[in-house]
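Worksheet: one structure, shown below.
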Amino acid sequence: MLVIASLVCGFIFGLGLLISGMMQPTKVLGFLDIFGIRYGTWDPSLLVVMAAALAVSGVGYLIAQRRPTPVLAPKFDISTKTGVDTPLVAGSALFGIGWGLVGLCPGPALENLATLSPQVIVFCVAMAVGMVAHDGWYAKRPATPPSGALAGADG
Amino acid sequence: MANFTPLSAAIGGALIGLAAVMLMLFAGRVAGISGITSGLLGIGSIDRGWRIAFIAGLILAPVAAMLAGYAVPLPQMPTSWIVVIAAGLLVGFGARLGGGCTSGHGICGIARLSKRSIAATLIFVGTAIVTVTLMRHVIGG
């Protein structure tokens, strides 16, 4: 059941991206290109997409989380991190550079695999490599031993 | 603002929000695409089923639309392979380091008023705007 519910959620999410026009990278770039305000070509559609999505999810999350547990899973799995730290800032900055270079973020990138565009396939492979590089290597790299660690062994 | 399409943007956005709420209600999960995808790629990942299903649904949506006679436009991508590869690497690595992407931070995180997500969204929209400005109006002339 969980798999079917998840498939339906992915499908609705995909319809939303398709209908809103956000599958098209140039439409996203039309929002990010703020010089367009001066030339009359700026496209604020992405802001409307976000506002509508937030209106529904903001209210919907409050209602969904009144339940003690999700319908088909043992618990709500939500980040408990609170502080703004260096990885968050650095990662988001890098993510934005990549997003601005092409106009694709992970959702529309994967969804565009349906078009069999060779550039999209290469983008998705590179994106997967980037994720594995982080999860499998960067996040697991040995931490620098704290100075005085050896001296501490005596005490 | 000749390209502005507020009605379809509002309808599409509401569907994205609905999908996020449903995934939380049924699976207790945040609809963050980078998190869902990276959990698939990890060695020893144990909960692949719902992740694969979500991404399959995501890809099936335009396929179903095509079968129903809706013309799904081909994505307009840069011609430079170097730019495509660099962008993919940055998006993948950056989303993981930053703990989320446009969906996870921009929609799900802001919906629960997470300060981290609000900060992340402001930062990646900011660097994306700077990147587009440099590419189109400084380097691209």
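Starting from 1 in every chain, residues are counted up; chains themselves are A, B, ... following the order of the structure tokens, and ligands are numbered from 1 as listed.
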Within 7 Å of B:Cys101 using only C-alpha atoms, minus same-chain residues under 4 positions, as a PyMOL selection string = chain B and resi 32+34+95+105-106
task = Would you list, as a ChimeraX atom specification, the residues of chain A that end up in alpha helix (DSSP H) under DSSP run on this structure's backbone?
result = /A:2-20,25-32,36-39,45-64,86-102,106-111,118-132,149-154
ask   = Could you pull the residues within 10 Å of A:Val59, counting only C-alpha atoms, minus those fewer than 4 positions along the same chain, as a ChimeraX atom specification?
value = /A:54-55,63-64 /B:17,21,111-112
Write to file, as a PDB file, in the first residue's frame, the residues of the selection just made, with N, CA and C atoms.
ATOM      1  N   LEU A  54       2.844  26.338  -1.214  1.00  0.00           N
ATOM      2  CA  LEU A  54       2.998  26.595   0.222  1.00  0.00           C
ATOM      3  C   LEU A  54       1.653  26.779   0.912  1.00  0.00           C
ATOM      4  N   ALA A  55       0.702  27.399   0.224  1.00  0.00           N
ATOM      5  CA  ALA A  55      -0.626  27.590   0.812  1.00  0.00           C
ATOM      6  C   ALA A  55      -1.250  26.224   1.103  1.00  0.00           C
ATOM      7  N   ILE A  63      -2.830  19.774   9.312  1.00  0.00           N
ATOM      8  CA  ILE A  63      -3.925  18.801   9.451  1.00  0.00           C
ATOM      9  C   ILE A  63      -3.365  17.382   9.523  1.00  0.00           C
ATOM     10  N   ALA A  64      -2.413  17.052   8.610  1.00  0.00           N
ATOM     11  CA  ALA A  64      -1.858  15.690   8.557  1.00  0.00           C
ATOM     12  C   ALA A  64      -1.188  15.328   9.878  1.00  0.00           C
TER      13      ALA A  64
ATOM     14  N   GLY B  17       1.744  21.051  -3.873  1.00  0.00           N
ATOM     15  CA  GLY B  17       1.475  21.117  -2.441  1.00  0.00           C
ATOM     16  C   GLY B  17       0.636  19.932  -1.971  1.00  0.00           C
ATOM     17  N   VAL B  21       1.562  17.057   0.845  1.00  0.00           N
ATOM     18  CA  VAL B  21       0.712  16.751   2.003  1.00  0.00           C
ATOM     19  C   VAL B  21       0.362  15.264   2.035  1.00  0.00           C
ATOM     20  N   ALA B 111       6.992  25.311   4.394  1.00  0.00           N
ATOM     21  CA  ALA B 111       5.612  25.056   4.843  1.00  0.00           C
ATOM     22  C   ALA B 111       5.563  24.797   6.341  1.00  0.00           C
ATOM     23  N   ARG B 112       6.675  24.225   6.902  1.00  0.00           N
ATOM     24  CA  ARG B 112       6.658  24.039   8.368  1.00  0.00           C
ATOM     25  C   ARG B 112       7.457  25.134   9.073  1.00  0.00           C
TER      26      ARG B 112
END
task = Determine, counting only C-alpha atoms, which protein, DNA and RNA residues have an atom within 8 Å of an atom of stretch 108-118 of chain A; residues of the same chain fewer than 3 positions away are not included. Present the result as a list in words.
result = Gly14, Leu17, Met22, Met23, Gln24, Leu104, Cys105, Ile121, Val122, Phe123 and Cys124 of chain A; Ile55, Leu58, Ile59, Leu60, Ala61, Pro62, Val63, Leu74 and Pro75 of chain B
inquiry  = Env of B:Ile52: 9 Å cut, atoms = only C-alpha atoms, seq-sep filter 4 positions within chain, self excluded. Answer as an MDAnalysis selection string.
reply    = (chainID A and resid 3 6:7) or (chainID B and resid 36:37 40 48 56:57)
With C-alpha atoms kept, could you save the residues just selected as a PDB file, in the first residue's frame?
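Output below, filename out_39.pdb:
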ATOM      1  CA  VAL A   3       4.334   1.880  -2.554  1.00  0.00           C
ATOM      2  CA  SER A   6       3.932   6.905  -3.002  1.00  0.00           C
ATOM      3  CA  LEU A   7       3.471   6.263  -6.729  1.00  0.00           C
TER       4      LEU A   7
ATOM      5  CA  ILE B  36      14.293  10.690  -1.968  1.00  0.00           C
ATOM      6  CA  THR B  37      16.793  10.136  -4.810  1.00  0.00           C
ATOM      7  CA  LEU B  40      17.958   5.223  -3.557  1.00  0.00           C
ATOM      8  CA  ARG B  48      13.977   1.768  -1.526  1.00  0.00           C
ATOM      9  CA  ALA B  56       8.349   6.313 -11.129  1.00  0.00           C
ATOM     10  CA  GLY B  57       5.135   8.307 -10.581  1.00  0.00           C
TER      11      GLY B  57
END
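Comparing the minimum interatomic distances between A:Phe13 and each of B:Gly92, B:Ile107, B:Ala119, B:Met66, counting only C-alpha atoms, we find that B:Ile107 sits nearest.
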